[in-house]
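As stored in start05.csv (CSV, C-alpha atoms and all ligand atoms):
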```
chain,number,residue,atom,x,y,z
A,287,MET,CA,-9.5,-113.5,35.3
A,288,THR,CA,-6.6,-111.2,34.7
A,289,PHE,CA,-7.6,-107.5,34.3
A,290,SER,CA,-5.8,-104.4,33.2
A,291,VAL,CA,-6.9,-100.8,32.7
A,292,ASP,CA,-5.1,-97.7,31.5
A,293,LEU,CA,-7.3,-94.6,31.4
A,294,HIS,CA,-7.2,-90.9,31.0
A,295,VAL,CA,-10.2,-88.7,31.7
A,296,THR,CA,-9.0,-85.2,30.6
A,297,ASP,CA,-11.5,-82.9,32.2
A,298,ARG,CA,-11.2,-84.7,35.6
A,299,ASP,CA,-7.4,-84.9,35.4
A,300,VAL,CA,-7.6,-88.6,36.1
A,301,ARG,CA,-4.8,-90.8,34.7
A,302,LEU,CA,-4.6,-94.3,36.2
A,303,HIS,CA,-3.1,-97.6,35.3
A,304,LEU,CA,-3.7,-100.8,37.3
A,305,THR,CA,-3.9,-104.5,36.9
A,306,VAL,CA,-5.7,-107.2,38.9
A,307,ALA,CA,-4.3,-110.7,38.9
A,308,ALA,CA,-6.7,-113.7,38.6
A,309,GLY,CA,-8.4,-114.1,41.9
A,310,GLU,CA,-6.9,-111.0,43.4
A,311,THR,CA,-8.8,-108.3,45.4
A,312,VAL,CA,-7.4,-104.8,45.1
A,313,ALA,CA,-8.6,-102.1,47.5
A,314,VAL,CA,-8.6,-98.5,46.2
A,315,LEU,CA,-8.4,-95.8,48.8
A,316,GLY,CA,-8.1,-92.0,48.4
A,317,PRO,CA,-9.4,-88.7,49.5
A,318,ASN,CA,-12.7,-87.3,48.2
A,319,GLY,CA,-12.5,-86.3,44.6
A,320,ALA,CA,-9.3,-88.4,44.0
A,321,GLY,CA,-10.7,-90.3,41.0
A,322,LYS,CA,-11.9,-93.6,42.6
A,323,SER,CA,-15.4,-93.5,41.2
A,324,THR,CA,-14.1,-92.3,37.8
A,325,LEU,CA,-12.0,-95.5,37.8
A,326,LEU,CA,-14.8,-97.8,38.7
A,327,ASN,CA,-17.3,-96.2,36.4
A,328,SER,CA,-14.9,-96.3,33.4
A,329,ILE,CA,-14.3,-100.0,34.0
A,330,ALA,CA,-18.1,-100.6,34.3
A,331,GLY,CA,-18.8,-98.8,31.1
A,332,LEU,CA,-20.7,-95.8,32.6
A,333,ILE,CA,-18.0,-93.2,31.8
A,334,ARG,CA,-16.1,-93.1,28.5
A,335,PRO,CA,-12.4,-92.1,29.1
A,336,ASP,CA,-10.8,-89.8,26.5
A,337,SER,CA,-8.1,-92.4,26.0
A,338,GLY,CA,-6.9,-95.7,27.3
A,339,ARG,CA,-7.3,-99.4,27.1
A,340,SER,CA,-8.8,-102.1,29.3
A,341,GLN,CA,-8.9,-105.8,29.0
A,342,LEU,CA,-10.6,-108.6,31.1
A,343,GLY,CA,-9.2,-112.0,30.2
A,344,GLY,CA,-9.3,-112.1,26.5
A,345,THR,CA,-12.0,-109.5,26.1
A,346,VAL,CA,-11.1,-105.9,25.3
A,347,LEU,CA,-13.5,-103.6,27.3
A,348,PHE,CA,-12.3,-100.5,25.6
A,349,ASP,CA,-9.4,-99.4,23.4
A,350,LEU,CA,-9.4,-95.7,22.8
A,351,PRO,CA,-6.1,-94.6,21.2
A,352,ALA,CA,-5.0,-91.1,22.3
A,353,ALA,CA,-4.3,-89.7,18.9
A,354,GLY,CA,-7.7,-90.6,17.5
A,355,SER,CA,-6.0,-92.9,15.0
A,356,GLY,CA,-6.7,-96.6,14.8
A,357,ARG,CA,-9.9,-98.4,15.6
A,358,ARG,CA,-11.7,-97.3,18.7
A,359,VAL,CA,-13.3,-100.2,20.7
A,360,TRP,CA,-16.1,-99.5,23.3
A,361,ARG,CA,-17.9,-102.5,24.6
A,362,PRO,CA,-21.2,-101.6,26.2
A,363,ALA,CA,-21.6,-102.0,30.0
A,364,HIS,CA,-23.9,-105.1,29.9
A,365,ARG,CA,-21.4,-107.0,27.7
A,366,ARG,CA,-18.3,-106.5,29.8
A,367,GLY,CA,-18.6,-109.4,32.2
A,368,VAL,CA,-18.2,-106.8,35.0
A,369,SER,CA,-20.6,-106.3,37.9
A,370,LEU,CA,-20.7,-103.0,39.8
A,371,LEU,CA,-22.0,-103.1,43.4
A,372,ALA,CA,-22.9,-99.6,44.4
A,373,GLN,CA,-23.1,-98.1,47.9
A,374,GLU,CA,-26.9,-98.3,47.8
A,375,PRO,CA,-28.3,-101.8,47.0
A,376,LEU,CA,-30.6,-100.4,44.1
A,377,LEU,CA,-32.8,-103.5,44.0
A,378,PHE,CA,-35.9,-103.6,41.7
A,379,PRO,CA,-38.7,-102.7,44.2
A,380,HIS,CA,-41.4,-104.7,42.4
A,381,LEU,CA,-39.5,-108.0,42.2
A,382,SER,CA,-39.0,-110.5,45.0
A,383,VAL,CA,-35.5,-111.0,46.4
A,384,LEU,CA,-35.3,-114.3,44.4
A,385,ASP,CA,-36.3,-112.6,41.2
A,386,ASN,CA,-33.9,-109.7,41.8
A,387,VAL,CA,-31.0,-112.1,42.0
A,388,ALA,CA,-32.3,-114.3,39.1
A,389,PHE,CA,-32.6,-111.2,36.9
A,390,ALA,CA,-28.9,-111.3,35.8
A,391,PRO,CA,-28.7,-115.0,34.7
A,392,ARG,CA,-32.2,-114.6,33.1
A,393,SER,CA,-31.0,-111.6,31.1
A,394,ALA,CA,-27.9,-113.6,30.0
A,395,GLY,CA,-30.3,-116.2,28.5
A,396,ALA,CA,-30.6,-118.8,31.3
A,397,SER,CA,-33.9,-120.6,31.5
A,398,ALA,CA,-36.3,-119.4,34.3
A,399,ARG,CA,-35.6,-122.6,36.3
A,400,HIS,CA,-31.8,-122.4,35.9
A,401,ALA,CA,-31.8,-118.7,36.8
A,402,ARG,CA,-33.7,-119.4,40.0
A,403,GLU,CA,-31.4,-122.2,40.9
A,404,THR,CA,-28.4,-119.9,40.4
A,405,ALA,CA,-30.2,-117.2,42.5
A,406,MET,CA,-30.8,-119.7,45.3
A,407,HIS,CA,-27.2,-120.7,45.2
A,408,TRP,CA,-26.0,-117.1,45.7
A,409,LEU,CA,-28.6,-116.3,48.3
A,410,ARG,CA,-27.2,-119.3,50.3
A,411,GLN,CA,-23.7,-117.9,49.8
A,412,VAL,CA,-24.7,-114.6,51.4
A,413,ASP,CA,-26.7,-116.2,54.2
A,414,ALA,CA,-30.0,-114.8,52.8
A,415,GLU,CA,-31.9,-117.8,51.6
A,416,PRO,CA,-34.8,-117.3,54.1
A,417,LEU,CA,-35.4,-113.9,52.5
A,418,ALA,CA,-36.1,-115.2,49.0
A,419,ALA,CA,-39.8,-114.4,48.9
A,420,ARG,CA,-39.6,-110.9,50.4
A,421,ARG,CA,-39.8,-107.6,48.5
A,422,PRO,CA,-36.9,-105.1,48.9
A,423,ALA,CA,-39.1,-102.8,51.0
A,424,GLU,CA,-39.2,-105.6,53.6
A,425,LEU,CA,-35.4,-105.8,54.1
A,426,SER,CA,-33.1,-104.1,56.5
A,427,GLY,CA,-30.1,-102.2,55.0
A,428,GLY,CA,-27.7,-105.0,55.8
A,429,GLN,CA,-30.1,-107.6,54.3
A,430,ALA,CA,-30.6,-105.5,51.1
A,431,GLN,CA,-26.8,-105.2,50.7
A,432,ARG,CA,-26.4,-109.0,51.0
A,433,ILE,CA,-29.0,-109.4,48.2
A,434,ALA,CA,-27.2,-106.8,46.1
A,435,VAL,CA,-24.0,-108.9,46.5
A,436,ALA,CA,-25.8,-112.1,45.5
A,437,ARG,CA,-27.3,-110.3,42.5
A,438,ALA,CA,-23.8,-109.0,41.4
A,439,LEU,CA,-22.4,-112.5,41.7
A,440,ALA,CA,-25.2,-114.3,40.0
A,441,SER,CA,-24.1,-112.9,36.6
A,442,ASP,CA,-20.8,-114.7,37.2
A,443,PRO,CA,-18.7,-111.6,36.5
A,444,GLY,CA,-15.1,-111.9,35.5
A,445,LEU,CA,-14.4,-108.8,37.6
A,446,LEU,CA,-16.5,-107.5,40.6
A,447,LEU,CA,-16.4,-103.8,41.4
A,448,LEU,CA,-17.5,-102.7,44.8
A,449,ASP,CA,-18.0,-99.0,45.5
A,450,GLU,CA,-17.9,-98.5,49.3
A,451,PRO,CA,-20.2,-101.5,49.9
A,452,LEU,CA,-20.3,-101.0,53.6
A,453,ALA,CA,-20.5,-97.2,53.8
A,454,ALA,CA,-24.3,-97.0,53.9
A,455,LEU,CA,-24.6,-99.7,56.6
A,456,ASP,CA,-25.1,-99.3,60.3
A,457,ILE,CA,-21.9,-100.1,62.2
A,458,SER,CA,-23.8,-102.9,64.0
A,459,VAL,CA,-24.3,-104.9,60.7
A,460,ALA,CA,-21.2,-103.9,58.7
A,461,PRO,CA,-18.9,-106.5,60.4
A,462,ALA,CA,-21.2,-109.4,59.4
A,463,VAL,CA,-21.5,-108.1,55.8
A,464,ARG,CA,-17.7,-107.6,55.7
A,465,ARG,CA,-17.2,-111.3,56.8
A,466,MET,CA,-19.6,-112.4,54.1
A,467,LEU,CA,-17.7,-110.3,51.5
A,468,ARG,CA,-14.4,-111.8,52.6
A,469,ARG,CA,-15.9,-115.3,52.0
A,470,VAL,CA,-17.3,-114.5,48.5
A,471,LEU,CA,-14.2,-112.6,47.4
A,472,VAL,CA,-11.9,-115.5,47.8
A,473,ASP,CA,-10.4,-116.4,44.4
A,474,ARG,CA,-12.4,-113.7,42.7
A,475,SER,CA,-10.9,-110.8,40.8
A,476,ALA,CA,-12.3,-107.7,42.4
A,477,ILE,CA,-11.7,-104.0,43.0
A,478,ILE,CA,-13.1,-102.5,46.1
A,479,VAL,CA,-13.3,-98.7,46.7
A,480,THR,CA,-13.3,-98.0,50.4
A,481,HIS,CA,-12.5,-95.3,53.0
A,482,ASP,CA,-11.8,-97.9,55.7
A,483,VAL,CA,-8.4,-99.4,56.5
A,484,LEU,CA,-10.1,-102.4,58.0
A,485,ASP,CA,-11.7,-103.3,54.7
A,486,ALA,CA,-8.2,-103.1,53.1
A,487,TYR,CA,-6.7,-105.3,55.7
A,488,THR,CA,-9.6,-107.9,55.8
A,489,LEU,CA,-10.7,-108.0,52.1
A,490,ALA,CA,-7.7,-107.0,49.9
A,491,ASP,CA,-4.6,-108.7,48.8
A,492,ARG,CA,-3.2,-105.4,47.5
A,493,VAL,CA,-3.9,-101.7,48.2
A,494,ILE,CA,-3.7,-98.8,45.8
A,495,ILE,CA,-3.8,-95.2,47.1
A,496,VAL,CA,-5.2,-92.7,44.6
A,497,GLU,CA,-4.6,-88.9,45.1
A,498,ASN,CA,-5.3,-86.1,42.6
A,499,GLY,CA,-6.2,-88.6,39.9
A,500,ARG,CA,-2.9,-90.5,40.2
A,501,ILE,CA,-1.7,-93.6,42.0
A,502,SER,CA,0.4,-92.4,44.9
A,503,ASP,CA,1.1,-95.6,46.7
A,504,GLU,CA,0.7,-99.3,46.1
A,505,GLY,CA,1.5,-102.6,47.9
A,506,THR,CA,0.2,-105.1,50.3
A,507,PRO,CA,-1.9,-103.6,53.1
A,508,ALA,CA,1.1,-104.0,55.5
A,509,GLU,CA,3.5,-102.3,53.1
A,510,VAL,CA,1.2,-99.4,52.4
A,511,PHE,CA,0.1,-98.8,56.0
A,512,ASP,CA,3.3,-99.7,57.9
A,513,ARG,CA,5.6,-97.8,55.6
A,514,PRO,CA,3.4,-95.1,54.1
A,515,ARG,CA,4.8,-93.0,51.3
A,516,GLY,CA,2.5,-90.0,51.8
A,517,ALA,CA,0.4,-88.2,54.3
A,518,PHE,CA,-2.9,-89.7,53.2
A,519,ALA,CA,-1.8,-93.3,53.8
A,520,ALA,CA,-0.1,-92.3,57.0
A,521,GLY,CA,-3.3,-90.7,58.3
A,522,LEU,CA,-5.3,-93.8,57.5
A,523,ALA,CA,-2.8,-95.9,59.4
A,524,GLY,CA,-2.9,-93.5,62.3
A,525,LEU,CA,0.9,-92.8,62.0
A,526,ASN,CA,3.1,-89.7,62.1
A,527,LEU,CA,5.1,-89.6,59.0
A,528,LEU,CA,8.3,-87.5,58.8
A,529,THR,CA,10.1,-87.3,55.5
A,530,GLY,CA,13.3,-85.6,54.7
A,531,ILE,CA,17.0,-86.1,54.0
A,532,ARG,CA,19.5,-88.0,56.1
A,533,ARG,CA,22.4,-86.0,57.6
A,534,GLY,CA,24.4,-88.4,59.8
A,535,THR,CA,22.1,-89.6,62.5
A,536,THR,CA,19.6,-86.7,61.9
A,537,LEU,CA,16.6,-86.5,59.6
A,538,ILE,CA,16.2,-82.9,58.2
A,539,THR,CA,12.5,-82.5,57.1
A,540,ALA,CA,11.8,-81.3,53.6
A,541,ASP,CA,11.1,-77.7,54.6
A,542,ALA,CA,13.9,-77.8,57.1
A,543,VAL,CA,11.5,-76.9,59.9
A,544,ALA,CA,12.7,-79.8,62.0
A,545,ALA,CA,15.6,-82.0,62.7
A,546,VAL,CA,14.9,-85.4,64.1
A,547,ALA,CA,18.1,-86.3,66.0
A,548,ASN,CA,19.6,-89.5,67.3
A,549,LEU,CA,18.4,-91.9,64.7
A,550,PRO,CA,19.8,-95.4,64.8
A,551,GLU,CA,21.5,-96.7,61.6
A,552,PRO,CA,19.1,-95.0,59.2
A,553,GLY,CA,19.6,-97.6,56.5
A,554,VAL,CA,20.1,-95.1,53.7
A,555,THR,CA,23.2,-93.3,52.6
A,556,GLU,CA,24.1,-89.8,53.6
A,557,GLY,CA,22.0,-87.2,51.9
A,558,SER,CA,19.3,-89.7,50.8
A,559,PRO,CA,15.6,-89.3,51.2
A,560,LEU,CA,14.4,-91.0,54.4
A,561,SER,CA,11.0,-91.6,55.9
A,562,LEU,CA,10.2,-92.2,59.6
A,563,ALA,CA,6.8,-93.5,60.8
A,564,VAL,CA,5.8,-93.5,64.5
A,565,ARG,CA,2.5,-93.9,66.3
A,566,PRO,CA,1.4,-90.9,68.3
A,567,ALA,CA,0.9,-93.2,71.3
A,568,ALA,CA,4.6,-94.0,71.3
A,569,VAL,CA,5.7,-90.4,71.4
A,570,ALA,CA,6.4,-88.6,74.7
A,571,VAL,CA,6.4,-84.8,75.2
A,572,SER,CA,8.5,-82.9,77.7
A,573,ILE,CA,9.5,-79.3,78.3
A,574,ALA,CA,13.1,-80.2,79.2
A,575,PRO,CA,15.2,-82.2,76.8
A,576,PRO,CA,14.8,-86.0,77.3
A,577,THR,CA,17.4,-87.4,79.7
A,578,ASP,CA,17.7,-90.8,78.1
A,579,PRO,CA,20.4,-90.3,75.4
A,580,ARG,CA,19.1,-93.2,73.3
A,581,LEU,CA,15.8,-91.6,72.5
A,582,ILE,CA,15.1,-90.2,69.1
A,583,ARG,CA,14.1,-86.6,69.6
A,584,LEU,CA,12.8,-83.5,67.9
A,585,GLN,CA,12.2,-80.0,69.2
A,586,ALA,CA,9.1,-78.3,67.8
A,587,GLU,CA,6.5,-75.7,68.9
A,588,LEU,CA,3.5,-77.2,70.8
A,589,ILE,CA,0.5,-75.9,68.8
A,590,ASP,CA,-2.3,-77.3,70.9
A,591,LEU,CA,-3.6,-80.0,73.3
A,592,GLU,CA,-6.7,-81.6,72.0
A,593,PRO,CA,-8.7,-83.9,74.4
A,594,ARG,CA,-9.7,-87.2,72.7
A,595,GLY,CA,-11.5,-89.4,75.2
A,596,ASP,CA,-9.1,-90.9,77.7
A,597,PHE,CA,-6.0,-89.3,76.2
A,598,VAL,CA,-4.9,-85.9,74.9
A,599,ARG,CA,-3.3,-85.3,71.5
A,600,ALA,CA,-0.3,-82.9,71.7
A,601,ARG,CA,0.3,-81.4,68.3
A,602,SER,CA,3.2,-79.7,66.6
A,603,ALA,CA,3.4,-78.9,62.9
A,604,VAL,CA,5.5,-82.0,62.2
A,605,LEU,CA,4.5,-84.6,64.8
A,606,ALA,CA,1.6,-85.5,67.2
A,607,ALA,CA,1.8,-87.3,70.5
A,608,ASP,CA,-0.9,-88.9,72.6
A,609,VAL,CA,-0.3,-88.2,76.3
A,610,SER,CA,-2.3,-88.8,79.4
A,611,PRO,CA,-4.6,-86.0,80.8
A,612,LYS,CA,-2.1,-85.6,83.7
A,613,GLU,CA,0.8,-85.1,81.4
A,614,ALA,CA,-1.3,-82.7,79.3
A,615,ALA,CA,-2.0,-80.6,82.3
A,616,GLN,CA,1.7,-80.2,83.0
A,617,LEU,CA,2.3,-79.1,79.3
A,618,ASP,CA,-0.5,-76.6,79.3
A,619,THR,CA,1.7,-73.6,80.0
A,620,ALA,CA,4.0,-74.7,77.1
A,621,VAL,CA,1.4,-74.3,74.3
A,622,GLY,CA,2.9,-71.9,71.8
A,623,SER,CA,6.5,-72.7,72.9
A,624,PRO,CA,9.0,-75.2,71.7
A,625,VAL,CA,8.9,-78.6,73.5
A,626,TRP,CA,10.7,-81.9,73.1
A,627,PHE,CA,9.0,-84.9,71.4
A,628,SER,CA,10.9,-88.2,71.9
A,629,PHE,CA,10.4,-91.9,71.3
A,630,PRO,CA,12.4,-95.1,71.5
A,631,THR,CA,14.1,-96.5,68.4
A,632,SER,CA,11.9,-99.6,68.8
A,633,ALA,CA,8.8,-97.5,68.1
A,634,ALA,CA,10.1,-95.9,64.9
A,635,THR,CA,10.0,-97.4,61.4
A,636,LEU,CA,12.8,-95.9,59.2
A,637,TYR,CA,12.8,-96.6,55.4
A,638,PRO,CA,14.0,-95.0,52.2
A,639,THR,CA,11.5,-92.6,50.8
A,640,VAL,CA,10.1,-93.8,47.5
A,641,PRO,CA,8.9,-90.9,45.3
A,642,SER,CA,5.3,-91.4,44.2
A,643,GLU,CA,3.8,-90.5,40.8
A,644,ASN,CA,2.2,-87.6,42.5
A,645,SER,CA,5.5,-86.0,43.4
A,646,ALA,CA,7.0,-86.6,40.0
A,647,PRO,CA,7.4,-83.3,38.0
B,1,LIG,N1,-20.0,-85.9,36.7
B,1,LIG,C1,-18.8,-85.2,36.7
B,1,LIG,N2,-18.5,-84.3,35.8
B,1,LIG,C2,-17.3,-83.7,35.9
B,1,LIG,N3,-16.4,-83.9,36.8
B,1,LIG,C3,-16.6,-84.8,37.8
B,1,LIG,C4,-17.8,-85.5,37.8
B,1,LIG,N4,-17.8,-86.4,38.8
B,1,LIG,C5,-16.6,-86.2,39.4
B,1,LIG,N5,-15.9,-85.2,38.8
B,1,LIG,C6,-14.6,-84.7,39.1
B,1,LIG,O1,-13.6,-85.8,38.8
B,1,LIG,C7,-12.6,-85.9,39.8
B,1,LIG,C8,-12.6,-87.3,40.4
B,1,LIG,O2,-13.9,-87.5,41.1
B,1,LIG,P1,-14.4,-88.9,41.6
B,1,LIG,O3,-15.8,-88.8,41.8
B,1,LIG,O4,-13.9,-90.0,40.7
B,1,LIG,O5,-13.6,-89.0,43.0
B,1,LIG,P2,-13.7,-90.1,44.1
B,1,LIG,O6,-12.3,-90.4,44.5
B,1,LIG,O7,-14.7,-91.1,43.8
B,1,LIG,O8,-14.3,-89.2,45.3
B,1,LIG,P3,-15.4,-89.6,46.5
B,1,LIG,O9,-14.5,-90.3,47.5
B,1,LIG,O10,-15.8,-88.2,47.0
B,1,LIG,O11,-16.5,-90.4,45.9
B,1,LIG,C9,-12.9,-84.8,40.9
B,1,LIG,O12,-12.1,-83.7,40.5
B,1,LIG,C10,-14.4,-84.5,40.6
B,1,LIG,O13,-14.7,-83.1,41.0
```

What would you get if you wrote out this structure as structure tokens?
Ligand SMILES: Nc1ncnc2c1ncn2[C@@H]1O[C@H](COP(=O)(O)OP(=O)(O)OP(=O)(O)O)[C@@H](O)[C@H]1O
Amino acid sequence: MTFSVDLHVTDRDVRLHLTVAAGETVAVLGPNGAGKSTLLNSIAGLIRPDSGRSQLGGTVLFDLPAAGSGRRVWRPAHRRGVSLLAQEPLLFPHLSVLDNVAFAPRSAGASARHARETAMHWLRQVDAEPLAARRPAELSGGQAQRIAVARALASDPGLLLLDEPLAALDISVAPAVRRMLRRVLVDRSAIIVTHDVLDAYTLADRVIIVENGRISDEGTPAEVFDRPRGAFAAGLAGLNLLTGIRRGTTLITADAVAAVANLPEPGVTEGSPLSLAVRPAAVAVSIAPPTDPRLIRLQAELIDLEPRGDFVRARSAVLAADVSPKEAAQLDTAVGSPVWFSFPTSAATLYPTVPSENSAP
């Protein structure tokens, strides 16, 4: 079912607009306090935005004109055709697993027999049929989350909302639950809030980054994480992101603290905003300028050397490089001094900077 929402929650400074195509799964990522839960809770009917409009298929979930004029529509949570799956499974402790899952179709008016058949169908879909007779207290965390997914789907929602469904799970069971979600989300309209790039890659058709109550980036997982627009997406993707202005074959960073020299054909016209993404593992650090004239290079102060398991992260204010412990030992005396960071053209992704809503005045 096609879904759209436009919402403004004034006191939280959250103003978001998004659409979900029929059968599409959209992952929403963003820092703490960005507005992700506000978005899900508004769609689910648990928070009333100050203004906005939302529609699922032909059903208006809310229509709250800003000026206060016109008819205000507010459809209650249980009549929206939307299921919200929270981080914690929140099962009814006194009901069996089967009755927990049968609860939604039963509340929607199905006969007891039909509701149980529907529940068994969804328990099979989440690989939890053998657990039907158990009570929630007799389930592991992963099992309980499977039952919560079956319960959310048993009401046949037009839109499924998932609020960090794997966050509370042990890392040993999360992969199996993620695989199950991947299966049940096929051809289903869904919004999944997550902090995990892997969820975005494995579960979502499209990714939305929310920062400071606004959408700051949007696209397929590959678009958002290979060519990030902002520091948050770049950090999730494990990339260095340098943004600035192209001057010839040099990128001058926004605050003019660094000049990245030797760019290949930058692909944007002189003076245009340009972004460069590069993995720290592809960046070399040297005290002397790199001898290979083809390398992209940048001189910056080496701030520190941080051991990270079998490699060491060499950091400057603009760029990080992952070097071997042996290389790090040679750089030790250079901490606090300018050093050269360099990398081959093949390791760099250069693309025109697209301003995000966040950076709009
Ligand atoms: N109950 C509340 N009353 C008032 N303001 C709130 C309330 N809950 C959250 N906020 C504020 O609204 C903004 C958005 O918060 P929200 O919980 O939607 O963020 P989030 O992206 O879900 O964060 P997290 O990843 O930490 O769950 C933040 O500024 C937050 O402080």

Requested in this report: With only C-alpha atoms and all ligand atoms counted, collect every polymer residue having an atom within 12 Å of ligand LIG 1 (chain B); state the result as a VMD selection string.
Outcome: chain A and resid 294 to 302 314 to 328 332 to 335 372 to 373 448 to 450 453 478 to 482 495 to 501

Hey, what's within 8 Å of Pro443 in chain A if we count all atoms listed in the file and toss same-chain stuff fewer than 3 positions away? As an mmCIF file with C-alpha atoms, in the coordinates of the input, please?
```cif
data_model
loop_
_atom_site.group_PDB
_atom_site.id
_atom_site.type_symbol
_atom_site.label_atom_id
_atom_site.label_comp_id
_atom_site.auth_asym_id
_atom_site.auth_seq_id
_atom_site.Cartn_x
_atom_site.Cartn_y
_atom_site.Cartn_z
ATOM 1 C CA GLY A 367 -18.600 -109.400 32.200
ATOM 2 C CA VAL A 368 -18.200 -106.800 35.000
ATOM 3 C CA SER A 369 -20.600 -106.300 37.900
ATOM 4 C CA ALA A 438 -23.800 -109.000 41.400
ATOM 5 C CA LEU A 439 -22.400 -112.500 41.700
ATOM 6 C CA ALA A 440 -25.200 -114.300 40.000
ATOM 7 C CA LEU A 446 -16.500 -107.500 40.600
#
```

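Put simply, CA of Glu556 in chain A is 19.1 Å away from CA of Thr631 in chain A.
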
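The interatomic distance for the pair CA of Leu549 in chain A and CA of Pro638 in chain A works out to 13.6 Å.
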
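Distance-wise, CA of Leu452 in chain A and CA of Ile329 in chain A end up 20.5 Å apart.
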
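If only C-alpha atoms are the atoms counted, then among A:Ser397, A:Ser628, A:Ser382, A:Ser572 the closest residue to Pro422 in chain A is A:Ser382.
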
Report task. Determine, counting only C-alpha atoms, which protein, DNA and RNA residues have an atom within 10 Å of an atom of Gly524 in chain A; residues of the same chain fewer than 4 positions away are not included. Present the result as a ChimeraX atom specification. Result -> /A:483,511-512,518-520,563-567

N, CA, C and O atoms of range 355-368 of chain A, written as an mmCIF file, in the first residue's frame:
```cif
data_model
loop_
_atom_site.group_PDB
_atom_site.id
_atom_site.type_symbol
_atom_site.label_atom_id
_atom_site.label_comp_id
_atom_site.auth_asym_id
_atom_site.auth_seq_id
_atom_site.Cartn_x
_atom_site.Cartn_y
_atom_site.Cartn_z
ATOM 1 N N SER A 355 -7.488 26.090 10.385
ATOM 2 C CA SER A 355 -8.717 26.165 9.628
ATOM 3 C C SER A 355 -8.972 24.801 8.991
ATOM 4 O O SER A 355 -8.073 23.992 8.876
ATOM 5 N N GLY A 356 -10.169 24.548 8.579
ATOM 6 C CA GLY A 356 -10.486 23.291 7.910
ATOM 7 C C GLY A 356 -10.709 22.184 8.917
ATOM 8 O O GLY A 356 -10.424 22.327 10.109
ATOM 9 N N ARG A 357 -11.165 21.066 8.415
ATOM 10 C CA ARG A 357 -11.527 19.964 9.287
ATOM 11 C C ARG A 357 -10.259 19.203 9.713
ATOM 12 O O ARG A 357 -9.403 18.912 8.883
ATOM 13 N N ARG A 358 -10.128 18.923 10.981
ATOM 14 C CA ARG A 358 -8.958 18.179 11.454
ATOM 15 C C ARG A 358 -9.343 16.711 11.585
ATOM 16 O O ARG A 358 -10.345 16.375 12.208
ATOM 17 N N VAL A 359 -8.554 15.852 10.956
ATOM 18 C CA VAL A 359 -8.835 14.407 11.000
ATOM 19 C C VAL A 359 -7.763 13.739 11.858
ATOM 20 O O VAL A 359 -6.575 14.013 11.698
ATOM 21 N N TRP A 360 -8.193 12.904 12.781
ATOM 22 C CA TRP A 360 -7.248 12.151 13.608
ATOM 23 C C TRP A 360 -7.803 10.748 13.809
ATOM 24 O O TRP A 360 -8.731 10.540 14.581
ATOM 25 N N ARG A 361 -7.275 9.800 13.070
ATOM 26 C CA ARG A 361 -7.773 8.421 13.161
ATOM 27 C C ARG A 361 -7.067 7.738 14.330
ATOM 28 O O ARG A 361 -5.830 7.791 14.420
ATOM 29 N N PRO A 362 -7.815 7.103 15.220
ATOM 30 C CA PRO A 362 -7.151 6.493 16.380
ATOM 31 C C PRO A 362 -6.211 5.352 15.980
ATOM 32 O O PRO A 362 -6.377 4.728 14.930
ATOM 33 N N ALA A 363 -5.242 5.105 16.854
ATOM 34 C CA ALA A 363 -4.159 4.153 16.551
ATOM 35 C C ALA A 363 -4.688 2.796 16.072
ATOM 36 O O ALA A 363 -4.184 2.249 15.097
ATOM 37 N N HIS A 364 -5.699 2.262 16.739
ATOM 38 C CA HIS A 364 -6.133 0.899 16.420
ATOM 39 C C HIS A 364 -6.938 0.811 15.123
ATOM 40 O O HIS A 364 -7.267 -0.278 14.674
ATOM 41 N N ARG A 365 -7.233 1.974 14.512
ATOM 42 C CA ARG A 365 -7.988 1.931 13.251
ATOM 43 C C ARG A 365 -7.153 2.410 12.061
ATOM 44 O O ARG A 365 -7.674 2.819 11.046
ATOM 45 N N ARG A 366 -5.822 2.359 12.204
ATOM 46 C CA ARG A 366 -4.964 2.897 11.144
ATOM 47 C C ARG A 366 -4.481 1.848 10.144
ATOM 48 O O ARG A 366 -3.931 2.186 9.105
ATOM 49 N N GLY A 367 -4.574 0.567 10.518
ATOM 50 C CA GLY A 367 -4.004 -0.454 9.630
ATOM 51 C C GLY A 367 -2.490 -0.413 9.651
ATOM 52 O O GLY A 367 -1.811 -0.784 8.694
ATOM 53 N N VAL A 368 -1.952 0.069 10.794
ATOM 54 C CA VAL A 368 -0.502 0.192 10.961
ATOM 55 C C VAL A 368 -0.106 -0.644 12.169
ATOM 56 O O VAL A 368 -0.759 -0.578 13.202
#
```
